[in-house]
$ cat query11.cif   # mmCIF, C-alpha atoms
data_model
#
loop_
_atom_site.label_atom_id
_atom_site.label_comp_id
_atom_site.auth_asym_id
_atom_site.auth_seq_id
_atom_site.Cartn_x
_atom_site.Cartn_y
_atom_site.Cartn_z
CA MET A 1 96.10 66.59 122.26
CA SER A 2 99.89 66.65 121.79
CA ILE A 3 101.60 68.92 119.27
CA ALA A 4 102.74 65.80 117.41
CA ASN A 5 99.05 65.10 116.68
CA SER A 6 97.92 68.66 116.00
CA ALA A 7 100.77 69.92 113.80
CA MET A 8 103.49 68.86 111.39
CA LEU A 9 106.75 70.32 110.16
CA VAL A 10 107.23 71.79 106.70
CA GLU A 11 110.37 73.00 104.99
CA LEU A 12 110.02 75.17 101.89
CA ASN A 13 113.06 75.87 99.72
CA ILE A 14 112.81 78.13 96.68
CA SER A 15 115.91 78.99 94.68
CA VAL A 16 116.20 81.59 91.93
CA TRP A 17 119.17 82.38 89.68
CA GLY A 18 120.69 85.66 90.84
CA ALA A 19 121.81 86.69 87.31
CA THR A 20 124.56 89.00 88.52
CA LYS A 21 128.30 88.91 87.88
CA LEU A 22 131.21 90.83 89.34
CA ASP A 23 133.19 92.55 86.58
CA ARG A 24 136.70 92.92 87.98
CA GLY A 25 137.98 94.80 84.95
CA ALA A 26 135.21 97.39 85.11
CA SER A 27 135.65 97.63 88.87
CA ASP A 28 139.37 98.38 88.49
CA GLU A 29 138.66 100.92 85.76
CA LEU A 30 136.08 102.68 87.92
CA THR A 31 138.33 102.97 90.97
CA VAL A 32 141.29 104.14 88.90
CA ASN A 33 139.24 106.83 87.16
CA LYS A 34 137.91 108.03 90.51
CA GLY A 35 141.32 107.96 92.15
CA ALA A 36 140.12 105.45 94.74
CA SER A 37 141.79 102.35 96.14
CA SER A 38 141.24 99.08 94.28
CA ASN A 39 138.77 97.74 96.85
CA ALA A 40 136.74 100.93 97.16
CA ALA A 41 133.98 99.90 94.75
CA GLN A 42 132.71 97.03 92.63
CA VAL A 43 130.83 96.82 89.36
CA ARG A 44 128.29 94.02 89.52
CA LYS A 45 126.53 93.43 86.22
CA ASN A 46 122.87 92.57 85.77
CA LEU A 47 123.15 89.71 83.28
CA MET A 48 119.49 90.08 82.34
CA ALA A 49 119.65 93.83 81.70
CA GLY A 50 116.74 94.95 79.54
CA SER A 51 114.33 92.24 80.72
CA GLY A 52 112.13 91.85 83.79
CA MET A 53 111.36 88.13 83.38
CA ARG A 54 113.93 86.85 85.89
CA LYS A 55 112.94 89.55 88.39
CA GLU A 56 109.31 88.48 88.02
CA ILE A 57 110.30 84.98 89.13
CA SER A 58 112.31 86.40 92.04
CA ASP A 59 109.42 88.61 93.15
CA TYR A 60 107.01 85.69 92.98
CA ALA A 61 109.38 83.54 95.01
CA SER A 62 109.37 86.25 97.68
CA LYS A 63 105.57 86.20 97.65
CA CYS A 64 105.61 82.42 98.18
CA ARG A 65 108.06 82.71 101.08
CA LEU A 66 105.88 85.38 102.67
CA PHE A 67 102.83 83.13 102.35
CA ASN A 68 104.79 80.31 103.99
CA ASN A 69 105.79 82.52 106.91
CA GLN A 70 102.27 83.86 107.39
CA GLN A 71 100.55 80.47 107.31
CA THR A 72 103.00 78.64 109.58
CA LEU A 73 104.88 79.19 112.83
CA ALA A 74 108.60 79.53 113.46
CA TRP A 75 110.18 76.31 114.66
CA SER A 76 113.93 76.13 113.95
CA ASP A 77 116.79 78.25 112.66
CA LYS A 78 117.13 76.19 109.48
CA GLY A 79 113.88 77.10 107.78
CA VAL A 80 111.67 74.34 109.18
CA ARG A 81 108.26 75.71 110.17
CA LEU A 82 105.40 74.37 112.27
CA LEU A 83 102.18 73.82 110.30
CA PRO A 84 98.99 73.18 112.32
CA THR A 85 96.93 70.37 110.82
CA LYS A 86 93.88 72.68 110.85
CA ASN A 87 95.64 74.80 108.25
CA PHE A 88 97.10 71.93 106.20
CA MET A 89 94.51 71.76 103.40
CA HIS A 90 94.51 75.50 102.73
CA TYR A 91 98.30 75.63 102.92
CA LYS A 92 98.89 72.62 100.68
CA GLN A 93 96.31 73.61 98.05
CA THR A 94 97.67 77.16 97.84
CA LEU A 95 101.26 75.93 97.70
CA ASN A 96 100.36 73.57 94.83
CA VAL A 97 99.00 76.51 92.86
CA MET A 98 102.07 78.59 93.68
CA GLU A 99 104.42 75.79 92.63
CA THR A 100 102.64 75.43 89.28
CA HIS A 101 102.79 79.17 88.62
CA PHE A 102 106.45 79.35 89.65
CA ASN A 103 107.34 76.50 87.29
CA ASN A 104 105.38 78.15 84.46
CA LEU A 105 107.34 81.37 84.96
CA VAL A 106 110.61 79.43 84.92
CA ASP A 107 109.64 77.47 81.80
CA ASN A 108 108.76 80.70 80.01
CA PHE A 109 112.07 82.23 81.08
CA ILE A 110 114.05 79.19 79.86
CA ARG A 111 112.27 79.25 76.48
CA ASN A 112 113.23 82.89 76.03
CA TYR A 113 116.71 82.62 77.56
CA PRO A 114 118.70 82.88 74.27
CA THR A 115 116.69 85.95 73.25
CA LEU A 116 117.14 87.50 76.70
CA ILE A 117 120.91 87.12 76.37
CA GLN A 118 120.76 89.04 73.11
CA GLN A 119 118.75 91.79 74.79
CA ALA A 120 121.26 91.89 77.63
CA GLN A 121 124.11 92.22 75.13
CA ALA A 122 122.48 95.30 73.62
CA ASN A 123 121.93 96.82 77.08
CA LEU A 124 125.29 95.94 78.60
CA ASN A 125 127.23 97.03 75.53
CA THR A 126 130.96 96.74 76.32
CA LEU A 127 130.21 95.16 79.69
CA PHE A 128 128.77 92.10 77.93
CA ASN A 129 130.75 88.87 78.15
CA ALA A 130 129.23 85.69 76.73
CA GLU A 131 131.27 83.59 79.16
CA ASP A 132 129.25 85.04 82.07
CA TYR A 133 126.16 83.09 80.99
CA PRO A 134 125.37 79.51 82.04
CA THR A 135 124.03 77.11 79.45
CA VAL A 136 120.29 76.58 79.19
CA ASP A 137 120.49 73.35 81.21
CA GLU A 138 122.75 74.96 83.82
CA VAL A 139 120.51 77.98 84.31
CA LYS A 140 117.42 75.78 84.55
CA ASP A 141 119.01 73.89 87.45
CA LYS A 142 119.41 77.18 89.33
CA PHE A 143 115.64 77.42 89.80
CA ALA A 144 113.81 75.14 92.22
CA PHE A 145 110.60 74.96 94.23
CA LYS A 146 110.75 72.20 96.83
CA TYR A 147 108.93 71.45 100.04
CA VAL A 148 108.75 68.49 102.36
CA PHE A 149 106.41 67.62 105.23
CA SER A 150 107.56 65.65 108.25
CA PRO A 151 106.06 64.68 111.62
CA VAL A 152 106.87 66.57 114.79
CA PRO A 153 109.26 64.31 116.72
CA VAL A 154 107.79 62.82 119.87
CA VAL A 155 109.58 64.02 122.98
CA GLY A 156 111.89 61.34 124.37
CA ASP A 157 111.67 59.06 121.33
CA PHE A 158 115.41 58.35 121.06
CA ARG A 159 115.77 54.93 119.45
CA ILE A 160 119.44 54.48 120.23
CA ASP A 161 121.40 52.04 122.33
CA VAL A 162 122.84 54.11 125.16
CA ALA A 163 122.83 53.85 128.93
CA ALA A 164 119.58 54.82 130.66
CA GLU A 165 121.21 57.80 132.37
CA GLU A 166 122.50 59.28 129.10
CA LEU A 167 119.17 58.57 127.41
CA ALA A 168 117.31 60.42 130.16
CA GLU A 169 119.65 63.40 129.75
CA LEU A 170 119.16 63.46 125.97
CA SER A 171 115.38 63.31 126.40
CA SER A 172 115.42 66.06 129.02
CA LYS A 173 117.50 68.40 126.84
CA TYR A 174 115.32 67.72 123.81
CA GLU A 175 112.16 68.36 125.82
CA ALA A 176 113.53 71.71 127.00
CA SER A 177 114.44 72.66 123.42
CA PHE A 178 111.04 71.47 122.19
CA ASN A 179 109.23 73.59 124.77
CA ASP A 180 111.33 76.63 123.90
CA ARG A 181 110.42 76.26 120.23
CA LEU A 182 106.75 75.82 121.05
CA ASN A 183 106.77 78.89 123.30
CA ASP A 184 108.42 80.93 120.53
CA ALA A 185 105.80 79.70 118.05
CA MET A 186 102.99 80.80 120.34
CA LYS A 187 104.72 84.09 121.13
CA ASP A 188 104.82 84.78 117.39
CA GLN A 189 101.01 84.62 117.27
CA TRP A 190 100.68 87.05 120.17
CA THR A 191 103.13 89.39 118.42
CA ARG A 192 101.15 89.32 115.17
CA LEU A 193 97.93 90.12 117.02
CA HIS A 194 99.57 92.86 119.09
CA ASP A 195 101.01 94.50 115.95
CA VAL A 196 97.59 94.57 114.29
CA LEU A 197 95.89 96.00 117.38
CA THR A 198 98.57 98.65 117.82
CA HIS A 199 98.32 99.62 114.16
CA ILE A 200 94.53 100.09 114.40
CA SER A 201 94.82 102.08 117.63
CA GLU A 202 97.42 104.41 116.13
CA ARG A 203 95.41 104.99 112.97
CA LEU A 204 92.27 105.78 114.94
CA THR A 205 94.01 108.27 117.20
CA GLU A 206 92.57 111.68 116.37
CA THR A 207 95.25 114.24 115.50
CA GLU A 208 94.33 117.91 115.55
CA GLY A 209 94.37 119.46 112.12
CA GLU A 210 94.59 116.14 110.29
CA GLU A 211 92.02 115.34 107.65
CA LYS A 212 89.66 112.64 108.93
CA GLY A 213 90.42 109.23 107.57
CA LYS A 214 93.57 110.45 105.86
CA ARG A 215 95.70 107.70 107.40
CA MET A 216 93.13 104.95 106.96
CA HIS A 217 93.28 102.20 104.38
CA GLU A 218 90.90 99.32 103.75
CA SER A 219 93.77 96.91 104.44
CA MET A 220 93.81 98.06 108.06
CA ILE A 221 90.49 96.27 108.54
CA THR A 222 90.86 93.40 106.07
CA ASN A 223 94.33 92.44 107.34
CA ALA A 224 93.02 92.33 110.91
CA GLN A 225 90.01 90.24 109.89
CA SER A 226 92.24 87.84 107.94
CA LEU A 227 94.50 87.44 110.96
CA CYS A 228 91.51 86.68 113.17
CA GLU A 229 90.52 83.88 110.80
CA LEU A 230 94.08 82.56 110.51
CA LEU A 231 94.62 82.45 114.27
CA THR A 232 91.78 79.94 114.62
CA LYS A 233 94.08 77.52 112.74
CA LEU A 234 97.47 78.53 114.17
CA ASN A 235 96.56 78.23 117.85
CA VAL A 236 98.08 74.74 118.16
CA THR A 237 98.07 74.72 121.97
CA ASN A 238 94.46 75.95 122.13
CA ASP A 239 95.58 78.86 124.30
CA PRO A 240 92.31 80.21 125.77
CA LYS A 241 93.76 83.69 126.33
CA LEU A 242 94.87 83.96 122.70
CA GLU A 243 91.44 82.83 121.55
CA GLU A 244 89.78 85.38 123.85
CA ALA A 245 91.93 88.20 122.46
CA ARG A 246 91.37 87.04 118.88
CA ARG A 247 87.62 86.76 119.39
CA SER A 248 87.47 90.20 121.02
CA LEU A 249 89.08 91.80 117.98
CA GLU A 250 86.86 89.82 115.63
CA LEU A 251 83.72 91.08 117.39
CA THR A 252 85.08 94.63 117.50
CA LEU A 253 85.48 94.69 113.72
CA LEU A 254 82.16 93.03 112.92
CA GLY A 255 80.39 95.20 110.33
CA VAL A 256 83.21 97.78 110.32
CA ASP A 257 84.83 99.06 107.13
CA LYS A 258 87.01 102.00 106.10
CA ASP A 259 84.15 104.15 104.81
CA SER A 260 82.07 103.82 107.97
CA LEU A 261 85.11 104.71 110.06
CA LYS A 262 85.87 107.76 107.93
CA GLU A 263 82.33 109.07 108.16
CA SER A 264 81.64 108.40 111.83
CA PRO A 265 83.78 109.95 114.60
CA ALA A 266 81.66 108.04 117.12
CA LEU A 267 82.48 104.71 115.45
CA ARG A 268 86.19 105.57 115.32
CA GLU A 269 86.14 106.37 119.02
CA SER A 270 84.19 103.21 119.84
CA VAL A 271 86.51 100.91 117.86
CA LYS A 272 89.61 102.56 119.30
CA THR A 273 88.28 102.21 122.85
CA LYS A 274 87.60 98.50 122.33
CA VAL A 275 90.97 97.92 120.68
CA ASP A 276 92.79 99.75 123.47
CA ASP A 277 90.87 97.68 126.01
CA ILE A 278 92.12 94.48 124.35
CA LEU A 279 95.67 95.83 124.48
CA LYS A 280 95.32 96.58 128.19
CA ARG A 281 93.57 93.33 129.08
CA PHE A 282 96.27 90.88 128.11
CA ASP A 283 99.89 90.34 129.07
CA TRP A 284 101.65 90.79 125.75
#

$ encode --input "query11.cif" --output "structure tokens"
Amino acid sequence: MSIANSAMLVELNISVWGATKLDRGASDELTVNKGASSNAAQVRKNLMAGSGMRKEISDYASKCRLFNNQQTLAWSDKGVRLLPTKNFMHYKQTLNVMETHFNNLVDNFIRNYPTLIQQAQANLNTLFNAEDYPTVDEVKDKFAFKYVFSPVPVVGDFRIDVAAEELAELSSKYEASFNDRLNDAMKDQWTRLHDVLTHISERLTETEGEEKGKRMHESMITNAQSLCELLTKLNVTNDPKLEEARRSLELTLLGVDKDSLKESPALRESVKTKVDDILKRFDW
């Protein structure tokens, strides 16, 4: 099965109003008072001082971007990601929920915007300048949650009227670029798995004088188990070696949790031995 049939491209763009403003007057005053040169420092105002509502939107946008990166594979330098069709339903349903929540946060922020400006005025004091603030309509346009799906282009499908020789060269160069992107996407999966295995191995390494289980967290196990499940959807080339490594980790962690690891030195040693074996077995 070709990649064009087993994956699609997705581009997610989330924009959030930065709500900061350079105050040149305050910057000049600061540098003069400190005896510094005029370009030594800047005063950048938080236009929403005294409120965390805009930051809540920004933090949630970061969470959405992280989800996008975790559930897809790198494909281009411009933000386009490769989404395996096996993961489409989960990705799309989750993104729909995220979009709704993001828009609700923005709507709540816009409703309270005039009040938030008043709060900012009280917190900024003499730094406040009403001209720094966009209108309600202007600030609303600074928030956006957009995504678009598109097919993976078929290699060599150049529908243009050029000589056969030039067309063959274009197709050849595109195919090389396509293969490079696909190799990078698969390498990303190996890197994720290697990072998880290395993390487990390091945490299970016994250190003399260290309290048992001190460096262990439940997320060490749950994150690894979640990755094992995710990799069943992200393996777009059906790489048998990747599946073997994934399955080996999945079996290693079957029935394992933080508490059992903390209480059983034998289990810690057994899990570490199996994890280290996976690390040695494959060409990372």

$ resolve_selection --input "query11.cif" --expression "the PyMOL selection byres ((chain A and resi 221) around 8)" --output "PyMOL selection string"
chain A and resi 217-220+222-225+253+256-258

$ write_last_selection --input "query11.cif" --atoms "C-alpha atoms" --output "PDB file, in the frame of the given file"
ATOM      1  CA  HIS A 217      93.280 102.200 104.380  1.00  0.00           C
ATOM      2  CA  GLU A 218      90.900  99.320 103.750  1.00  0.00           C
ATOM      3  CA  SER A 219      93.770  96.910 104.440  1.00  0.00           C
ATOM      4  CA  MET A 220      93.810  98.060 108.060  1.00  0.00           C
ATOM      5  CA  THR A 222      90.860  93.400 106.070  1.00  0.00           C
ATOM      6  CA  ASN A 223      94.330  92.440 107.340  1.00  0.00           C
ATOM      7  CA  ALA A 224      93.020  92.330 110.910  1.00  0.00           C
ATOM      8  CA  GLN A 225      90.010  90.240 109.890  1.00  0.00           C
ATOM      9  CA  LEU A 253      85.480  94.690 113.720  1.00  0.00           C
ATOM     10  CA  VAL A 256      83.210  97.780 110.320  1.00  0.00           C
ATOM     11  CA  ASP A 257      84.830  99.060 107.130  1.00  0.00           C
ATOM     12  CA  LYS A 258      87.010 102.000 106.100  1.00  0.00           C
TER      13      LYS A 258
END

$ atom_distance --input "query11.cif" --atom1 "CA of Ala176 (chain A)" --atom2 "CA of Asp195 (chain A)"
28.3 Å

$ atom_distance --input "query11.cif" --atom1 "CA of Thr20 (chain A)" --atom2 "CA of Val43 (chain A)"
10.1 Å

$ residues_around --input "query11.cif" --residues "Met98 (chain A)" --least-positions-apart "6" --cutoff "12 Å" --atoms "all atoms listed in the file" --output "list in words"
Leu12, Ile14, Ile57, Tyr60, Ala61, Ser62, Lys63, Cys64, Arg65, Leu66, Phe67, Asn68, Tyr91, Lys92, Asn104, Leu105, Phe145, Lys146 and Tyr147 of chain A

$ resolve_selection --input "query11.cif" --expression "the PyMOL selection byres ((chain A and resi 231) around 12)" --output "count of residues only"
38

$ atom_distance --input "query11.cif" --atom1 "CA of Ser260 (chain A)" --atom2 "CA of His194 (chain A)"
23.5 Å

$ closest_residue --input "query11.cif" --among "A:Lys78, A:Arg44, A:Lys140, A:Arg281" --to "Asp107 (chain A)" --atoms "only C-alpha atoms"
A:Lys140

$ closest_residue --input "query11.cif" --among "A:Lys272, A:Ala144, A:Ala185, A:Asp277" --to "Asn103 (chain A)" --atoms "only C-alpha atoms"
A:Ala144

$ closest_residue --input "query11.cif" --among "A:Met89, A:Phe178, A:Glu202, A:Gln42" --to "Leu30 (chain A)" --atoms "all atoms listed in the file"
A:Gln42

$ closest_residue --input "query11.cif" --among "A:Val10, A:Leu124, A:Ala266, A:Val16" --to "Glu56 (chain A)" --atoms "only C-alpha atoms"
A:Val16

$ residues_near_point --input "query11.cif" --point "(128.1, 85.8, 77.6)" --cutoff "12 Å" --atoms "only C-alpha atoms" --output "PyMOL selection string"
chain A and resi 19-21+45-48+113-114+116-122+124-135

$ closest_residue --input "query11.cif" --among "A:Glu269, A:Asp137, A:Asp77, A:Asp59" --to "Glu11 (chain A)" --atoms "only C-alpha atoms"
A:Asp77

$ resolve_selection --input "query11.cif" --expression "the PyMOL selection byres ((chain A and resi 3) around 9)" --output "list in words"
Met1, Ser2, Ala4, Asn5, Ser6, Ala7, Met8, Pro84, Val152, Val154, Leu182, Val236 and Thr237 of chain A

$ closest_residue --input "query11.cif" --among "A:Val275, A:Val139, A:Val148, A:Ile200" --to "Gly18 (chain A)" --atoms "all atoms listed in the file"
A:Val139

$ residues_around --input "query11.cif" --residues "Ser38 (chain A)" --least-positions-apart "4" --cutoff "10 Å" --atoms "all atoms listed in the file" --output "list in words"
Arg24, Ser27, Asp28, Glu29, Leu30, Thr31, Val32 and Gln42 of chain A

$ decode --input "query11.cif" --residues "region 6-29 of chain A" --atoms "N, CA and C atoms" --output "mmCIF file, in the first residue's frame"
data_model
loop_
_atom_site.group_PDB
_atom_site.id
_atom_site.type_symbol
_atom_site.label_atom_id
_atom_site.label_comp_id
_atom_site.auth_asym_id
_atom_site.auth_seq_id
_atom_site.Cartn_x
_atom_site.Cartn_y
_atom_site.Cartn_z
ATOM 1 N N SER A 6 -2.312 5.361 2.605
ATOM 2 C CA SER A 6 -2.302 5.026 4.032
ATOM 3 C C SER A 6 -2.116 6.238 4.938
ATOM 4 N N ALA A 7 -2.007 7.429 4.344
ATOM 5 C CA ALA A 7 -1.814 8.636 5.163
ATOM 6 C C ALA A 7 -2.322 9.853 4.405
ATOM 7 N N MET A 8 -2.465 10.934 5.121
ATOM 8 C CA MET A 8 -2.851 12.216 4.527
ATOM 9 C C MET A 8 -2.013 13.302 5.175
ATOM 10 N N LEU A 9 -2.114 14.508 4.653
ATOM 11 C CA LEU A 9 -1.398 15.638 5.233
ATOM 12 C C LEU A 9 -2.378 16.497 6.016
ATOM 13 N N VAL A 10 -1.898 17.065 7.110
ATOM 14 C CA VAL A 10 -2.722 17.974 7.901
ATOM 15 C C VAL A 10 -1.875 19.165 8.319
ATOM 16 N N GLU A 11 -2.475 20.340 8.246
ATOM 17 C CA GLU A 11 -1.787 21.561 8.669
ATOM 18 C C GLU A 11 -2.650 22.263 9.705
ATOM 19 N N LEU A 12 -2.125 22.378 10.911
ATOM 20 C CA LEU A 12 -2.831 23.023 12.016
ATOM 21 C C LEU A 12 -2.205 24.377 12.291
ATOM 22 N N ASN A 13 -3.031 25.406 12.306
ATOM 23 C CA ASN A 13 -2.568 26.764 12.608
ATOM 24 C C ASN A 13 -3.424 27.354 13.718
ATOM 25 N N ILE A 14 -2.779 27.665 14.834
ATOM 26 C CA ILE A 14 -3.466 28.281 15.970
ATOM 27 C C ILE A 14 -2.774 29.600 16.271
ATOM 28 N N SER A 15 -3.533 30.672 16.278
ATOM 29 C CA SER A 15 -2.955 31.983 16.594
ATOM 30 C C SER A 15 -3.610 32.547 17.851
ATOM 31 N N VAL A 16 -2.788 33.213 18.645
ATOM 32 C CA VAL A 16 -3.232 33.791 19.912
ATOM 33 C C VAL A 16 -2.650 35.198 20.026
ATOM 34 N N TRP A 17 -3.464 36.142 20.449
ATOM 35 C CA TRP A 17 -2.994 37.517 20.648
ATOM 36 C C TRP A 17 -1.899 37.542 21.709
ATOM 37 N N GLY A 18 -0.776 38.155 21.371
ATOM 38 C CA GLY A 18 0.357 38.191 22.295
ATOM 39 C C GLY A 18 0.149 39.099 23.484
ATOM 40 N N ALA A 19 -0.637 40.165 23.335
ATOM 41 C CA ALA A 19 -0.973 41.093 24.427
ATOM 42 C C ALA A 19 0.251 41.701 25.099
ATOM 43 N N THR A 20 1.256 42.037 24.313
ATOM 44 C CA THR A 20 2.417 42.748 24.847
ATOM 45 C C THR A 20 2.664 43.985 23.990
ATOM 46 N N LYS A 21 3.326 44.970 24.566
ATOM 47 C CA LYS A 21 3.598 46.213 23.850
ATOM 48 C C LYS A 21 4.892 46.820 24.365
ATOM 49 N N LEU A 22 5.758 47.172 23.421
ATOM 50 C CA LEU A 22 7.006 47.847 23.788
ATOM 51 C C LEU A 22 6.700 49.281 24.177
ATOM 52 N N ASP A 23 7.145 49.677 25.354
ATOM 53 C CA ASP A 23 6.984 51.054 25.833
ATOM 54 C C ASP A 23 8.326 51.756 25.680
ATOM 55 N N ARG A 24 8.451 52.547 24.619
ATOM 56 C CA ARG A 24 9.727 53.198 24.333
ATOM 57 C C ARG A 24 10.070 54.244 25.383
ATOM 58 N N GLY A 25 9.045 54.952 25.852
ATOM 59 C CA GLY A 25 9.296 55.971 26.875
ATOM 60 C C GLY A 25 9.829 55.359 28.154
ATOM 61 N N ALA A 26 9.195 54.290 28.616
ATOM 62 C CA ALA A 26 9.645 53.622 29.836
ATOM 63 C C ALA A 26 11.007 52.973 29.637
ATOM 64 N N SER A 27 11.254 52.491 28.414
ATOM 65 C CA SER A 27 12.562 51.898 28.122
ATOM 66 C C SER A 27 13.661 52.944 28.220
ATOM 67 N N ASP A 28 13.422 54.133 27.637
ATOM 68 C CA ASP A 28 14.406 55.215 27.696
ATOM 69 C C ASP A 28 14.638 55.664 29.129
ATOM 70 N N GLU A 29 13.544 55.754 29.886
ATOM 71 C CA GLU A 29 13.661 56.182 31.290
ATOM 72 C C GLU A 29 14.479 55.178 32.096
#
